[in-house]
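*Asks:* File follows, input-v4.txt with compact mmCIF, N, CA and C atoms:
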```
# COMPACT_ATOMS: atom_id res chain seq x y z
N MET T 100 -24.10 73.81 -12.42
CA MET T 100 -25.10 73.03 -11.74
C MET T 100 -24.63 72.79 -10.30
N TYR T 101 -25.54 72.95 -9.37
CA TYR T 101 -25.23 72.77 -7.96
C TYR T 101 -26.07 71.64 -7.40
N ASP T 102 -25.44 70.89 -6.51
CA ASP T 102 -26.17 69.84 -5.79
C ASP T 102 -26.64 70.42 -4.47
N PHE T 103 -27.91 70.26 -4.18
CA PHE T 103 -28.43 70.68 -2.89
C PHE T 103 -28.43 69.48 -1.97
N ILE T 104 -27.74 69.60 -0.86
CA ILE T 104 -27.62 68.49 0.09
C ILE T 104 -28.25 68.92 1.40
N GLU T 105 -29.15 68.13 1.91
CA GLU T 105 -29.72 68.40 3.22
C GLU T 105 -28.88 67.68 4.26
N TRP T 106 -28.36 68.44 5.20
CA TRP T 106 -27.54 67.88 6.27
C TRP T 106 -28.33 67.96 7.57
N ASN T 107 -28.21 66.91 8.37
CA ASN T 107 -28.80 67.02 9.70
C ASN T 107 -27.71 67.54 10.65
N PRO T 108 -28.07 68.08 11.80
CA PRO T 108 -27.09 68.68 12.70
C PRO T 108 -25.97 67.72 13.12
N GLU T 109 -26.29 66.45 13.28
CA GLU T 109 -25.26 65.49 13.68
C GLU T 109 -24.21 65.33 12.59
N GLN T 110 -24.65 65.30 11.33
CA GLN T 110 -23.70 65.17 10.22
C GLN T 110 -22.81 66.41 10.13
N VAL T 111 -23.40 67.58 10.33
CA VAL T 111 -22.62 68.81 10.27
C VAL T 111 -21.57 68.82 11.38
N ALA T 112 -21.97 68.45 12.59
CA ALA T 112 -21.04 68.43 13.71
C ALA T 112 -19.91 67.43 13.47
N GLU T 113 -20.25 66.25 12.97
CA GLU T 113 -19.24 65.23 12.72
C GLU T 113 -18.26 65.68 11.63
N CYS T 114 -18.77 66.26 10.57
CA CYS T 114 -17.90 66.74 9.50
C CYS T 114 -17.02 67.89 9.97
N ALA T 115 -17.57 68.76 10.82
CA ALA T 115 -16.77 69.86 11.36
C ALA T 115 -15.61 69.32 12.19
N LYS T 116 -15.87 68.29 13.00
CA LYS T 116 -14.81 67.67 13.80
C LYS T 116 -13.74 67.09 12.89
N LYS T 117 -14.16 66.42 11.82
CA LYS T 117 -13.21 65.80 10.90
C LYS T 117 -12.40 66.87 10.15
N CYS T 118 -13.03 67.97 9.81
CA CYS T 118 -12.31 69.07 9.15
C CYS T 118 -11.29 69.69 10.11
N ASP T 119 -11.67 69.85 11.37
CA ASP T 119 -10.73 70.36 12.37
C ASP T 119 -9.54 69.42 12.51
N ALA T 120 -9.83 68.12 12.56
CA ALA T 120 -8.76 67.13 12.69
C ALA T 120 -7.85 67.18 11.46
N ALA T 121 -8.44 67.32 10.29
CA ALA T 121 -7.64 67.40 9.06
C ALA T 121 -6.76 68.64 9.08
N GLY T 122 -7.30 69.75 9.56
CA GLY T 122 -6.51 70.98 9.66
C GLY T 122 -5.35 70.83 10.62
N GLU T 123 -5.59 70.15 11.74
CA GLU T 123 -4.51 69.91 12.70
C GLU T 123 -3.43 69.04 12.08
N ILE T 124 -3.84 67.98 11.40
CA ILE T 124 -2.87 67.09 10.76
C ILE T 124 -2.06 67.87 9.73
N PHE T 125 -2.74 68.69 8.93
CA PHE T 125 -2.05 69.45 7.90
C PHE T 125 -1.04 70.41 8.51
N SER T 126 -1.44 71.11 9.58
CA SER T 126 -0.52 72.07 10.19
C SER T 126 0.67 71.37 10.82
N LYS T 127 0.45 70.21 11.41
CA LYS T 127 1.55 69.45 11.99
C LYS T 127 2.48 68.93 10.91
N SER T 128 1.91 68.53 9.77
CA SER T 128 2.75 67.99 8.70
C SER T 128 3.65 69.07 8.13
N LYS T 129 3.23 70.32 8.20
CA LYS T 129 4.07 71.42 7.73
C LYS T 129 5.27 71.61 8.66
N LEU T 130 5.12 71.18 9.90
CA LEU T 130 6.17 71.40 10.89
C LEU T 130 7.08 70.19 11.07
N THR T 131 6.73 69.06 10.48
CA THR T 131 7.52 67.86 10.65
C THR T 131 8.32 67.57 9.39
N SER T 132 9.13 66.55 9.48
CA SER T 132 9.97 66.22 8.34
C SER T 132 9.17 65.58 7.21
N ILE T 133 9.73 65.60 6.04
CA ILE T 133 9.07 65.03 4.86
C ILE T 133 8.85 63.53 5.04
N SER T 134 9.70 62.87 5.79
CA SER T 134 9.57 61.42 5.95
C SER T 134 8.26 61.02 6.63
N THR T 135 7.65 61.91 7.37
CA THR T 135 6.37 61.59 8.01
C THR T 135 5.18 62.05 7.18
N GLY T 136 5.45 62.62 6.03
CA GLY T 136 4.39 63.15 5.18
C GLY T 136 3.39 62.10 4.75
N ALA T 137 3.85 60.89 4.44
CA ALA T 137 2.95 59.83 3.99
C ALA T 137 1.96 59.46 5.09
N GLN T 138 2.42 59.43 6.32
CA GLN T 138 1.54 59.12 7.45
C GLN T 138 0.44 60.17 7.56
N HIS T 139 0.80 61.43 7.47
CA HIS T 139 -0.19 62.50 7.55
C HIS T 139 -1.14 62.46 6.36
N GLN T 140 -0.61 62.17 5.18
CA GLN T 140 -1.46 62.12 3.99
C GLN T 140 -2.48 61.01 4.11
N GLN T 141 -2.07 59.87 4.66
CA GLN T 141 -3.01 58.75 4.83
C GLN T 141 -4.13 59.15 5.78
N ALA T 142 -3.79 59.81 6.88
CA ALA T 142 -4.81 60.25 7.83
C ALA T 142 -5.75 61.27 7.19
N LEU T 143 -5.21 62.19 6.40
CA LEU T 143 -6.06 63.16 5.71
C LEU T 143 -6.98 62.47 4.72
N ASP T 144 -6.44 61.50 3.97
CA ASP T 144 -7.26 60.77 3.00
C ASP T 144 -8.42 60.06 3.69
N GLU T 145 -8.15 59.46 4.85
CA GLU T 145 -9.21 58.76 5.59
C GLU T 145 -10.29 59.74 6.06
N LEU T 146 -9.88 60.91 6.53
CA LEU T 146 -10.85 61.91 6.97
C LEU T 146 -11.69 62.41 5.80
N ILE T 147 -11.06 62.62 4.66
CA ILE T 147 -11.80 63.07 3.47
C ILE T 147 -12.81 62.02 3.05
N GLN T 148 -12.41 60.76 3.10
CA GLN T 148 -13.35 59.68 2.76
C GLN T 148 -14.52 59.65 3.73
N ASP T 149 -14.25 59.83 5.02
CA ASP T 149 -15.32 59.86 6.03
C ASP T 149 -16.30 61.00 5.75
N ILE T 150 -15.76 62.17 5.43
CA ILE T 150 -16.63 63.32 5.14
C ILE T 150 -17.47 63.04 3.90
N ASN T 151 -16.86 62.48 2.87
CA ASN T 151 -17.61 62.17 1.65
C ASN T 151 -18.69 61.13 1.90
N ARG T 152 -18.40 60.14 2.76
CA ARG T 152 -19.41 59.14 3.09
C ARG T 152 -20.58 59.79 3.83
N SER T 153 -20.27 60.70 4.74
CA SER T 153 -21.33 61.41 5.48
C SER T 153 -22.19 62.22 4.52
N ARG T 154 -21.55 62.82 3.56
CA ARG T 154 -22.28 63.63 2.57
C ARG T 154 -23.20 62.76 1.72
N ALA T 155 -22.78 61.54 1.44
CA ALA T 155 -23.55 60.65 0.56
C ALA T 155 -24.77 60.04 1.26
N GLN T 156 -24.80 60.11 2.57
CA GLN T 156 -25.91 59.48 3.31
C GLN T 156 -27.19 60.25 3.16
```
Would you write out, as structure tokens, the structure that this file holds?
*Replies:*
Amino acid sequence: MYDFIEWNPEQVAECAKKCDAAGEIFSKSKLTSISTGAQHQQALDELIQDINRSRAQ
């Protein structure tokens, strides 16, 4: 079963920005020490929550 979601252009643009930011955070976390991993994970979690909220609107 698939959910059909209608997105408006503003939502798509905002989610794309958040995905880009998440990708940047992820790539930086691969290059930094494990001790900073929690900081990056928190930022990723917040971006994922923002994307999910946008999807729910």
*Asks:* What does the structure give for the distance between CA of Phe125 in chain T and atom C of Pro108 in chain T, in Å to one decimal?
*Replies:*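 For CA of Phe125 in chain T relative to atom C of Pro108 in chain T, the distance reads 24.5 Å.
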*Asks:* If we count all atoms listed in the file and set the cut-off at 8 Å, which residues sit around range 141-147 of chain T, ignoring sequence neighbours fewer than 6 positions away in its own chain? Please answer as an mmCIF file with N, CA and C atoms, in the coordinates of the input.
*Replies:*
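File written: selection.cif
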```
data_model
loop_
_atom_site.group_PDB
_atom_site.id
_atom_site.type_symbol
_atom_site.label_atom_id
_atom_site.label_comp_id
_atom_site.auth_asym_id
_atom_site.auth_seq_id
_atom_site.Cartn_x
_atom_site.Cartn_y
_atom_site.Cartn_z
ATOM 1 N N LYS T 117 -14.160 66.420 11.820
ATOM 2 C CA LYS T 117 -13.210 65.800 10.900
ATOM 3 C C LYS T 117 -12.400 66.870 10.150
ATOM 4 N N CYS T 118 -13.030 67.970 9.810
ATOM 5 C CA CYS T 118 -12.310 69.070 9.150
ATOM 6 C C CYS T 118 -11.290 69.690 10.110
ATOM 7 N N ALA T 120 -9.830 68.120 12.560
ATOM 8 C CA ALA T 120 -8.760 67.130 12.690
ATOM 9 C C ALA T 120 -7.850 67.180 11.460
ATOM 10 N N ALA T 121 -8.440 67.320 10.290
ATOM 11 C CA ALA T 121 -7.640 67.400 9.060
ATOM 12 C C ALA T 121 -6.760 68.640 9.080
ATOM 13 N N GLY T 122 -7.300 69.750 9.560
ATOM 14 C CA GLY T 122 -6.510 70.980 9.660
ATOM 15 C C GLY T 122 -5.350 70.830 10.620
ATOM 16 N N ILE T 124 -3.840 67.980 11.400
ATOM 17 C CA ILE T 124 -2.870 67.090 10.760
ATOM 18 C C ILE T 124 -2.060 67.870 9.730
ATOM 19 N N PHE T 125 -2.740 68.690 8.930
ATOM 20 C CA PHE T 125 -2.050 69.450 7.900
ATOM 21 C C PHE T 125 -1.040 70.410 8.510
ATOM 22 N N THR T 135 7.650 61.910 7.370
ATOM 23 C CA THR T 135 6.370 61.590 8.010
ATOM 24 C C THR T 135 5.180 62.050 7.180
ATOM 25 N N SER T 153 -20.270 60.700 4.740
ATOM 26 C CA SER T 153 -21.330 61.410 5.480
ATOM 27 C C SER T 153 -22.190 62.220 4.520
#
```
*Asks:* Kindly give the distance, in Å, that separates CA of Glu123 in chain T and CA of Glu109 in chain T, rounded to a single decimal.
*Replies:* 21.2 Å
*Asks:* Could you give me the centre and size, in Å to one decimal, of an axis-aligned box around all listed atoms of range 137-152 of chain T with 6 Å added on every side, as lines of an AutoDock Vina configuration file?
*Replies:*
```
center_x = -8.4
center_y = 61.0
center_z = 4.7
size_x = 36.4
size_y = 16.6
size_z = 18.2
```
*Asks:* Distance atom C of Lys116 in chain T-CA of Asn151 in chain T, one decimal place?
*Replies:*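 Pair atom C of Lys116 in chain T / CA of Asn151 in chain T returns 12.9 Å.
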